[in-house]
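Chemist: Take a look at the following structure, please.
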Amino acid sequence: MIELTSVTKPGSPFESKEPGPPPARATRGHPGSATAEISRSLRHLAVKGKSGPLLSPFETVIGRDERVRILDTELPPWRMICALRMRGPSGAGAIGTGWFVGPRTVLTAGHCVFSRMFFGGWASAIEVIPGLNGQGAAADTRPYGSVTSDRFSSVDRWVDSEDPDFDLGCIHLGEPLGNKVGWFAVGALPPERLEGFGVNVSGYPADRGAGAEQYHGRNRIVRVTERRIFYEVDTYGGQSGAPVWIYEDAESPPLAIGVHAYGVGGTPASFGITANSAPRIIPEVLDTMTRWVEHDGGWPGE
Amino acid sequence: MAAGPGNDGGPAAWSGRVVDASGAPVARARVVIVASSVPVPEIALLSDDDGRFSVWLPPGAFTFRAHGAAGTGETEVEDDAPGHEIVIAVGPALREEE
């Protein structure tokens, strides 16, 4: 097992090296205090368990596009998913996706907070917009408003070498917006338990709705490696950082198992598959994420 | 066609522009690397009010696609691109549904 060390953007009030708590296998999710109405999109679109459909293999987005727009983004779990508006030190802008894992903590891809390619290093500021639903007036399209942060964390293996296996990042918020919109349960499942599951990926792609509309895709996991999950779910630029989640059975709550980060170009040719991929939630990732949440005040009642 | 490395062999700074058929800048276009010879994350860059964006590219080949109000366009980065500049012309032929 490789020990991951949290690396925090200089100037953030977090230690750069922290002792880890005992390993955990899953964190508990929360649906949020806002309306508990059940999402119709969820009933019709989400794939659950291992018996879900195996759709035609998709590349990043090549060929038939099976993504479906989510219209009821004010409901869980869609409202836990956030459009991100990143800005680098030069003023350069970018868009991505993140998702709540605690009241004040948003998990995303490492390259959304630190990227030599896109920002020349750390991002300067990120606006987090839960459940963004279109380009109209803010009152109509931002059901939970937005919050901007300049405090981010990633892991040393990403900041040092930008290894795709460690493409994980975190946005620390100053206000507990997660209490209202809820947060995902996050689980570190062994590879043998993941294979064959249907997975859900939902985020804010740049080619549909100008990155202001949430799109969901689903399909089956096709390969699991030590640190990555590969799946045939349609995605596109802007969906980096989106949650990859499963339902262990028809009655289970959503359980996030990865952070979407790469299209087909990120899949080794030696695998002989056409798939998109995410760094897996493995025990050391879960431990690191738990420390990020605890630094943000932790989960209520724990 | 490959992007050239920086002086130290690492990523090189490139500037980009998104323009329409008349050459006018396209602001707030979303720019995505849709094909490359190295793994590239699925992030989308945004052009500024002058249609400009910037990126630091490692050695390799890259295809950029831009989505803007005027449509969609693609360009491939060549290692002899003058001044490390990427120009993406968007047009109505590939206009996206928005």
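For the structure tokens, the naming scheme is as follows: chains receive sequential letters (A, B, ...) according to their order of presentation, residues are indexed from 1 within each chain, and ligands are indexed from 1 in presentation order.
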I need the residues in stretch 33-88 of chain B that are strand (DSSP E) according to DSSP; give them as a VMD selection string.

Modeler: chain B and resid 33 to 36 44 to 46 52 to 57 62 to 68 71 to 76 85 to 88

Chemist: Could you list, as a ChimeraX atom specification, the residues of chain B having an atom within 6 Å of chain A when counting only C-alpha atoms?

Modeler: /B:30,32,39,41-46,55-57,98

Chemist: Residues as selected, C-alpha atoms, written as an mmCIF file, in the first residue's frame, can you do that?

Modeler:
```cif
data_model
loop_
_atom_site.group_PDB
_atom_site.id
_atom_site.type_symbol
_atom_site.label_atom_id
_atom_site.label_comp_id
_atom_site.auth_asym_id
_atom_site.auth_seq_id
_atom_site.Cartn_x
_atom_site.Cartn_y
_atom_site.Cartn_z
ATOM 1 C CA ARG B 30 -15.351 26.008 -24.253
ATOM 2 C CA VAL B 32 -11.443 20.738 -24.952
ATOM 3 C CA PRO B 39 -3.384 11.139 -21.263
ATOM 4 C CA PRO B 41 -7.874 15.089 -18.308
ATOM 5 C CA GLU B 42 -11.453 15.911 -19.287
ATOM 6 C CA ILE B 43 -11.400 19.548 -18.300
ATOM 7 C CA ALA B 44 -12.707 22.379 -20.493
ATOM 8 C CA LEU B 45 -10.943 25.708 -20.856
ATOM 9 C CA LEU B 46 -12.859 28.948 -21.335
ATOM 10 C CA VAL B 55 -2.281 25.979 -21.953
ATOM 11 C CA TRP B 56 1.030 24.321 -21.098
ATOM 12 C CA LEU B 57 1.545 21.283 -23.316
ATOM 13 C CA GLU B 98 -27.781 24.728 -27.157
#
```

Chemist: So which residues touch stretch 169-177 of chain A within 10 Å, counting only C-alpha atoms, skipping near sequence neighbours fewer than 4 positions away, as a PDB file with N, CA and C atoms, in the first residue's frame?

Modeler:
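selection.pdb was written with the following content:
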```pdb
ATOM      1  N   SER A   6      -1.396  14.283   2.047  1.00  0.00           N
ATOM      2  CA  SER A   6      -2.181  15.421   1.593  1.00  0.00           C
ATOM      3  C   SER A   6      -1.264  16.596   1.333  1.00  0.00           C
ATOM      4  N   VAL A   7      -1.491  17.278   0.229  1.00  0.00           N
ATOM      5  CA  VAL A   7      -0.749  18.491  -0.100  1.00  0.00           C
ATOM      6  C   VAL A   7      -1.763  19.600  -0.270  1.00  0.00           C
ATOM      7  N   THR A   8      -1.582  20.670   0.478  1.00  0.00           N
ATOM      8  CA  THR A   8      -2.547  21.759   0.476  1.00  0.00           C
ATOM      9  C   THR A   8      -1.951  22.992  -0.158  1.00  0.00           C
ATOM     10  N   SER A  12      -3.327  27.987   2.624  1.00  0.00           N
ATOM     11  CA  SER A  12      -4.518  27.404   3.223  1.00  0.00           C
ATOM     12  C   SER A  12      -4.203  26.971   4.650  1.00  0.00           C
ATOM     13  N   GLY A  32     -29.348  15.621   2.591  1.00  0.00           N
ATOM     14  CA  GLY A  32     -29.506  17.064   2.653  1.00  0.00           C
ATOM     15  C   GLY A  32     -30.824  17.448   3.287  1.00  0.00           C
ATOM     16  N   MET A  80     -26.185  17.269  -5.131  1.00  0.00           N
ATOM     17  CA  MET A  80     -24.873  17.097  -4.489  1.00  0.00           C
ATOM     18  C   MET A  80     -23.751  17.299  -5.494  1.00  0.00           C
ATOM     19  N   GLY A  98     -17.632  18.810  -9.504  1.00  0.00           N
ATOM     20  CA  GLY A  98     -17.261  18.319  -8.175  1.00  0.00           C
ATOM     21  C   GLY A  98     -18.497  17.802  -7.459  1.00  0.00           C
ATOM     22  N   TRP A  99     -18.330  17.256  -6.276  1.00  0.00           N
ATOM     23  CA  TRP A  99     -19.473  16.698  -5.537  1.00  0.00           C
ATOM     24  C   TRP A  99     -19.188  16.703  -4.053  1.00  0.00           C
ATOM     25  N   PHE A 100     -20.250  16.930  -3.290  1.00  0.00           N
ATOM     26  CA  PHE A 100     -20.102  17.039  -1.846  1.00  0.00           C
ATOM     27  C   PHE A 100     -19.830  15.679  -1.207  1.00  0.00           C
ATOM     28  N   VAL A 101     -18.852  15.677  -0.300  1.00  0.00           N
ATOM     29  CA  VAL A 101     -18.575  14.493   0.518  1.00  0.00           C
ATOM     30  C   VAL A 101     -18.714  14.819   1.998  1.00  0.00           C
ATOM     31  N   GLY A 102     -19.041  16.057   2.307  1.00  0.00           N
ATOM     32  CA  GLY A 102     -19.243  16.501   3.677  1.00  0.00           C
ATOM     33  C   GLY A 102     -19.873  17.871   3.650  1.00  0.00           C
ATOM     34  N   PRO A 103     -20.206  18.431   4.815  1.00  0.00           N
ATOM     35  CA  PRO A 103     -20.887  19.739   4.825  1.00  0.00           C
ATOM     36  C   PRO A 103     -20.117  20.849   4.121  1.00  0.00           C
ATOM     37  N   ARG A 104     -18.798  20.842   4.279  1.00  0.00           N
ATOM     38  CA  ARG A 104     -17.990  21.930   3.701  1.00  0.00           C
ATOM     39  C   ARG A 104     -16.925  21.410   2.738  1.00  0.00           C
ATOM     40  N   THR A 105     -17.064  20.205   2.247  1.00  0.00           N
ATOM     41  CA  THR A 105     -15.984  19.597   1.471  1.00  0.00           C
ATOM     42  C   THR A 105     -16.509  19.057   0.148  1.00  0.00           C
ATOM     43  N   VAL A 106     -15.875  19.477  -0.935  1.00  0.00           N
ATOM     44  CA  VAL A 106     -16.243  19.047  -2.292  1.00  0.00           C
ATOM     45  C   VAL A 106     -15.064  18.274  -2.884  1.00  0.00           C
ATOM     46  N   LEU A 107     -15.336  17.046  -3.285  1.00  0.00           N
ATOM     47  CA  LEU A 107     -14.308  16.223  -3.917  1.00  0.00           C
ATOM     48  C   LEU A 107     -14.347  16.454  -5.423  1.00  0.00           C
ATOM     49  N   THR A 108     -13.189  16.430  -6.050  1.00  0.00           N
ATOM     50  CA  THR A 108     -13.109  16.627  -7.494  1.00  0.00           C
ATOM     51  C   THR A 108     -11.816  15.985  -8.001  1.00  0.00           C
ATOM     52  N   ALA A 109     -11.548  16.156  -9.271  1.00  0.00           N
ATOM     53  CA  ALA A 109     -10.282  15.656  -9.820  1.00  0.00           C
ATOM     54  C   ALA A 109      -9.146  16.563  -9.365  1.00  0.00           C
ATOM     55  N   GLY A 110      -7.969  15.977  -9.243  1.00  0.00           N
ATOM     56  CA  GLY A 110      -6.821  16.770  -8.839  1.00  0.00           C
ATOM     57  C   GLY A 110      -6.528  17.902  -9.806  1.00  0.00           C
ATOM     58  N   HIS A 111      -6.745  17.635 -11.124  1.00  0.00           N
ATOM     59  CA  HIS A 111      -6.395  18.662 -12.107  1.00  0.00           C
ATOM     60  C   HIS A 111      -7.356  19.834 -12.108  1.00  0.00           C
ATOM     61  N   CYS A 112      -8.483  19.712 -11.383  1.00  0.00           N
ATOM     62  CA  CYS A 112      -9.374  20.868 -11.247  1.00  0.00           C
ATOM     63  C   CYS A 112      -8.857  21.863 -10.198  1.00  0.00           C
ATOM     64  N   VAL A 113      -7.969  21.412  -9.320  1.00  0.00           N
ATOM     65  CA  VAL A 113      -7.414  22.320  -8.314  1.00  0.00           C
ATOM     66  C   VAL A 113      -5.930  22.598  -8.544  1.00  0.00           C
ATOM     67  N   PHE A 114      -5.229  21.634  -9.188  1.00  0.00           N
ATOM     68  CA  PHE A 114      -3.798  21.806  -9.461  1.00  0.00           C
ATOM     69  C   PHE A 114      -3.497  21.198 -10.813  1.00  0.00           C
ATOM     70  N   ALA A 125      -8.977  30.381  -7.749  1.00  0.00           N
ATOM     71  CA  ALA A 125     -10.301  30.415  -7.123  1.00  0.00           C
ATOM     72  C   ALA A 125     -11.234  29.499  -7.906  1.00  0.00           C
ATOM     73  N   ILE A 126     -12.166  28.907  -7.192  1.00  0.00           N
ATOM     74  CA  ILE A 126     -13.157  28.041  -7.831  1.00  0.00           C
ATOM     75  C   ILE A 126     -14.537  28.377  -7.279  1.00  0.00           C
ATOM     76  N   GLU A 127     -15.459  28.633  -8.193  1.00  0.00           N
ATOM     77  CA  GLU A 127     -16.861  28.819  -7.808  1.00  0.00           C
ATOM     78  C   GLU A 127     -17.552  27.462  -7.873  1.00  0.00           C
ATOM     79  N   VAL A 128     -18.237  27.096  -6.811  1.00  0.00           N
ATOM     80  CA  VAL A 128     -18.917  25.809  -6.687  1.00  0.00           C
ATOM     81  C   VAL A 128     -20.419  26.068  -6.768  1.00  0.00           C
ATOM     82  N   PRO A 130     -23.870  24.079  -6.784  1.00  0.00           N
ATOM     83  CA  PRO A 130     -24.601  22.804  -6.679  1.00  0.00           C
ATOM     84  C   PRO A 130     -25.851  22.795  -7.564  1.00  0.00           C
ATOM     85  N   TYR A 144     -29.405  26.415  -5.254  1.00  0.00           N
ATOM     86  CA  TYR A 144     -28.774  26.549  -3.936  1.00  0.00           C
ATOM     87  C   TYR A 144     -27.673  27.593  -3.946  1.00  0.00           C
ATOM     88  N   GLY A 145     -27.716  28.496  -4.913  1.00  0.00           N
ATOM     89  CA  GLY A 145     -26.722  29.548  -4.987  1.00  0.00           C
ATOM     90  C   GLY A 145     -25.359  28.994  -5.347  1.00  0.00           C
ATOM     91  N   SER A 146     -24.328  29.652  -4.898  1.00  0.00           N
ATOM     92  CA  SER A 146     -22.965  29.187  -5.156  1.00  0.00           C
ATOM     93  C   SER A 146     -22.058  29.743  -4.079  1.00  0.00           C
ATOM     94  N   VAL A 147     -20.888  29.155  -3.997  1.00  0.00           N
ATOM     95  CA  VAL A 147     -19.885  29.649  -3.057  1.00  0.00           C
ATOM     96  C   VAL A 147     -18.528  29.541  -3.735  1.00  0.00           C
ATOM     97  N   THR A 148     -17.676  30.527  -3.492  1.00  0.00           N
ATOM     98  CA  THR A 148     -16.347  30.548  -4.102  1.00  0.00           C
ATOM     99  C   THR A 148     -15.283  30.313  -3.041  1.00  0.00           C
ATOM    100  N   SER A 149     -14.294  29.510  -3.396  1.00  0.00           N
ATOM    101  CA  SER A 149     -13.225  29.175  -2.455  1.00  0.00           C
ATOM    102  C   SER A 149     -11.865  29.348  -3.122  1.00  0.00           C
ATOM    103  N   ASP A 150     -10.863  29.615  -2.286  1.00  0.00           N
ATOM    104  CA  ASP A 150      -9.477  29.606  -2.776  1.00  0.00           C
ATOM    105  C   ASP A 150      -8.630  28.642  -1.951  1.00  0.00           C
ATOM    106  N   ARG A 151      -9.303  27.706  -1.280  1.00  0.00           N
ATOM    107  CA  ARG A 151      -8.590  26.725  -0.438  1.00  0.00           C
ATOM    108  C   ARG A 151      -8.792  25.333  -1.019  1.00  0.00           C
ATOM    109  N   PHE A 152      -7.705  24.729  -1.464  1.00  0.00           N
ATOM    110  CA  PHE A 152      -7.783  23.427  -2.127  1.00  0.00           C
ATOM    111  C   PHE A 152      -6.723  22.481  -1.583  1.00  0.00           C
ATOM    112  N   SER A 153      -6.972  21.205  -1.760  1.00  0.00           N
ATOM    113  CA  SER A 153      -5.973  20.184  -1.431  1.00  0.00           C
ATOM    114  C   SER A 153      -5.928  19.141  -2.535  1.00  0.00           C
ATOM    115  N   SER A 154      -4.792  18.479  -2.632  1.00  0.00           N
ATOM    116  CA  SER A 154      -4.659  17.316  -3.492  1.00  0.00           C
ATOM    117  C   SER A 154      -3.746  16.330  -2.758  1.00  0.00           C
ATOM    118  N   VAL A 155      -3.172  15.390  -3.468  1.00  0.00           N
ATOM    119  CA  VAL A 155      -2.243  14.449  -2.835  1.00  0.00           C
ATOM    120  C   VAL A 155      -0.868  14.612  -3.468  1.00  0.00           C
ATOM    121  N   TRP A 158      -0.072  13.439  -7.026  1.00  0.00           N
ATOM    122  CA  TRP A 158      -0.608  14.244  -8.111  1.00  0.00           C
ATOM    123  C   TRP A 158       0.201  15.525  -8.289  1.00  0.00           C
ATOM    124  N   VAL A 159       0.443  16.225  -7.198  1.00  0.00           N
ATOM    125  CA  VAL A 159       1.152  17.507  -7.282  1.00  0.00           C
ATOM    126  C   VAL A 159       2.587  17.311  -7.766  1.00  0.00           C
ATOM    127  N   VAL A 181     -27.697  20.557   0.660  1.00  0.00           N
ATOM    128  CA  VAL A 181     -27.795  19.754  -0.575  1.00  0.00           C
ATOM    129  C   VAL A 181     -27.452  18.286  -0.358  1.00  0.00           C
ATOM    130  N   GLY A 182     -26.789  17.986   0.775  1.00  0.00           N
ATOM    131  CA  GLY A 182     -26.409  16.609   1.064  1.00  0.00           C
ATOM    132  C   GLY A 182     -25.050  16.246   0.511  1.00  0.00           C
ATOM    133  N   TRP A 183     -24.628  15.032   0.834  1.00  0.00           N
ATOM    134  CA  TRP A 183     -23.346  14.556   0.323  1.00  0.00           C
ATOM    135  C   TRP A 183     -23.394  13.058   0.091  1.00  0.00           C
ATOM    136  N   GLY A 241     -13.884  15.316 -12.595  1.00  0.00           N
ATOM    137  CA  GLY A 241     -14.213  15.504 -11.191  1.00  0.00           C
ATOM    138  C   GLY A 241     -15.589  15.002 -10.812  1.00  0.00           C
ATOM    139  N   VAL A 259     -13.652   9.066  -8.973  1.00  0.00           N
ATOM    140  CA  VAL A 259     -13.722  10.467  -9.394  1.00  0.00           C
ATOM    141  C   VAL A 259     -13.395  10.503 -10.882  1.00  0.00           C
ATOM    142  N   MET A 289      -9.402  11.575   2.141  1.00  0.00           N
ATOM    143  CA  MET A 289     -10.641  12.350   2.030  1.00  0.00           C
ATOM    144  C   MET A 289     -11.250  12.608   3.412  1.00  0.00           C
ATOM    145  N   TRP A 292      -9.580  15.434   5.003  1.00  0.00           N
ATOM    146  CA  TRP A 292     -10.013  16.722   4.430  1.00  0.00           C
ATOM    147  C   TRP A 292     -11.350  17.156   5.044  1.00  0.00           C
ATOM    148  N   VAL A 293     -12.266  16.208   5.159  1.00  0.00           N
ATOM    149  CA  VAL A 293     -13.570  16.552   5.737  1.00  0.00           C
ATOM    150  C   VAL A 293     -13.403  16.960   7.204  1.00  0.00           C
ATOM    151  N   HIS A 295     -10.858  18.310   8.627  1.00  0.00           N
ATOM    152  CA  HIS A 295     -10.271  19.654   8.694  1.00  0.00           C
ATOM    153  C   HIS A 295     -11.300  20.729   8.409  1.00  0.00           C
ATOM    154  N   ASP A 296     -12.346  20.348   7.691  1.00  0.00           N
ATOM    155  CA  ASP A 296     -13.415  21.306   7.393  1.00  0.00           C
ATOM    156  C   ASP A 296     -14.496  21.299   8.472  1.00  0.00           C
ATOM    157  N   GLY A 297     -14.258  20.596   9.579  1.00  0.00           N
ATOM    158  CA  GLY A 297     -15.227  20.555  10.669  1.00  0.00           C
ATOM    159  C   GLY A 297     -15.887  19.203  10.842  1.00  0.00           C
TER     160      GLY A 297
END
```

Chemist: Using only C-alpha atoms, pick whichever of A:Ile273, A:Leu255, A:Thr225, A:Ser161 has the shortest atom-to-atom distance to A:Glu192.

Modeler: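 Under the stated criterion, the closest residue is A:Thr225.
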
Chemist: Could you list, as a list of chain:residue names, every residue within 10 Å of B:Ser15, counting only C-alpha atoms and ignoring same-chain residues fewer than 6 positions away?

Modeler: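 Here the answer would be B:Arg52, B:Phe53, B:Ser54, B:Val55, B:Trp56, B:Gly83, B:His84, B:Glu85, B:Ile86, B:Val87.
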
Chemist: May I have the residues within 9 Å of A:Phe197 as a PDB file with N, CA and C atoms, in the first residue's frame, using only C-alpha atoms and disregarding those fewer than 6 positions away in the same chain?

Modeler:
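New file result_1.pdb:
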```pdb
ATOM      1  N   VAL A  47     -28.671   3.353 -12.955  1.00  0.00           N
ATOM      2  CA  VAL A  47     -28.459   1.916 -13.057  1.00  0.00           C
ATOM      3  C   VAL A  47     -28.078   1.420 -11.667  1.00  0.00           C
ATOM      4  N   LYS A  48     -28.695   0.303 -11.277  1.00  0.00           N
ATOM      5  CA  LYS A  48     -28.479  -0.207  -9.921  1.00  0.00           C
ATOM      6  C   LYS A  48     -28.018  -1.653  -9.961  1.00  0.00           C
ATOM      7  N   GLY A  49     -27.143  -1.978  -9.024  1.00  0.00           N
ATOM      8  CA  GLY A  49     -26.663  -3.338  -8.892  1.00  0.00           C
ATOM      9  C   GLY A  49     -25.827  -3.783 -10.073  1.00  0.00           C
ATOM     10  N   LYS A  50     -25.754  -5.101 -10.254  1.00  0.00           N
ATOM     11  CA  LYS A  50     -24.935  -5.661 -11.324  1.00  0.00           C
ATOM     12  C   LYS A  50     -25.765  -6.131 -12.511  1.00  0.00           C
ATOM     13  N   SER A  51     -27.067  -5.893 -12.465  1.00  0.00           N
ATOM     14  CA  SER A  51     -27.921  -6.404 -13.535  1.00  0.00           C
ATOM     15  C   SER A  51     -28.338  -5.329 -14.514  1.00  0.00           C
ATOM     16  N   GLY A  52     -27.686  -4.159 -14.434  1.00  0.00           N
ATOM     17  CA  GLY A  52     -28.057  -3.053 -15.293  1.00  0.00           C
ATOM     18  C   GLY A  52     -27.702  -3.314 -16.741  1.00  0.00           C
ATOM     19  N   ASN A 219     -23.454   2.877 -17.519  1.00  0.00           N
ATOM     20  CA  ASN A 219     -23.054   1.660 -18.213  1.00  0.00           C
ATOM     21  C   ASN A 219     -22.299   0.801 -17.212  1.00  0.00           C
ATOM     22  N   ARG A 220     -21.618  -0.218 -17.698  1.00  0.00           N
ATOM     23  CA  ARG A 220     -21.022  -1.177 -16.789  1.00  0.00           C
ATOM     24  C   ARG A 220     -19.516  -0.965 -16.648  1.00  0.00           C
ATOM     25  N   ILE A 221     -19.015  -1.287 -15.474  1.00  0.00           N
ATOM     26  CA  ILE A 221     -17.561  -1.316 -15.269  1.00  0.00           C
ATOM     27  C   ILE A 221     -16.988  -2.431 -16.124  1.00  0.00           C
ATOM     28  N   VAL A 222     -15.936  -2.114 -16.861  1.00  0.00           N
ATOM     29  CA  VAL A 222     -15.333  -3.135 -17.721  1.00  0.00           C
ATOM     30  C   VAL A 222     -13.964  -3.590 -17.233  1.00  0.00           C
ATOM     31  N   ILE A 246     -22.315   3.832  -7.623  1.00  0.00           N
ATOM     32  CA  ILE A 246     -23.094   2.611  -7.817  1.00  0.00           C
ATOM     33  C   ILE A 246     -24.214   2.567  -6.793  1.00  0.00           C
ATOM     34  N   TYR A 247     -25.141   1.656  -7.016  1.00  0.00           N
ATOM     35  CA  TYR A 247     -26.112   1.268  -5.989  1.00  0.00           C
ATOM     36  C   TYR A 247     -25.875  -0.224  -5.771  1.00  0.00           C
ATOM     37  N   GLU A 248     -25.531  -0.570  -4.552  1.00  0.00           N
ATOM     38  CA  GLU A 248     -25.182  -1.975  -4.310  1.00  0.00           C
ATOM     39  C   GLU A 248     -26.385  -2.892  -4.544  1.00  0.00           C
TER      40      GLU A 248
END
```

Chemist: Leaving out A:Asp165 and any residue of its chain fewer than 2 positions from it, which residues lie within 9 Å of it when counting only C-alpha atoms, given as a VMD selection string?

Modeler: chain A and resid 157 to 158 162 to 163 167 to 168 226 to 228 278 to 280

Chemist: Please provide as a compact mmCIF listing (two decimals) with C-alpha atoms, in the first residue's frame all residues within 8 Å of A:Glu74, with the sequence filter that same-chain residues fewer than 5 positions apart are discarded (counting only C-alpha atoms).

Modeler:
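Done, and the output landed in part33.txt:
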```txt
# COMPACT_ATOMS: atom_id res chain seq x y z
CA ARG A 79 -27.95 18.58 -6.19
CA GLY A 131 -27.24 21.56 -9.10
CA PRO A 143 -31.30 26.37 -6.77
CA TYR A 144 -28.77 26.55 -3.94
```
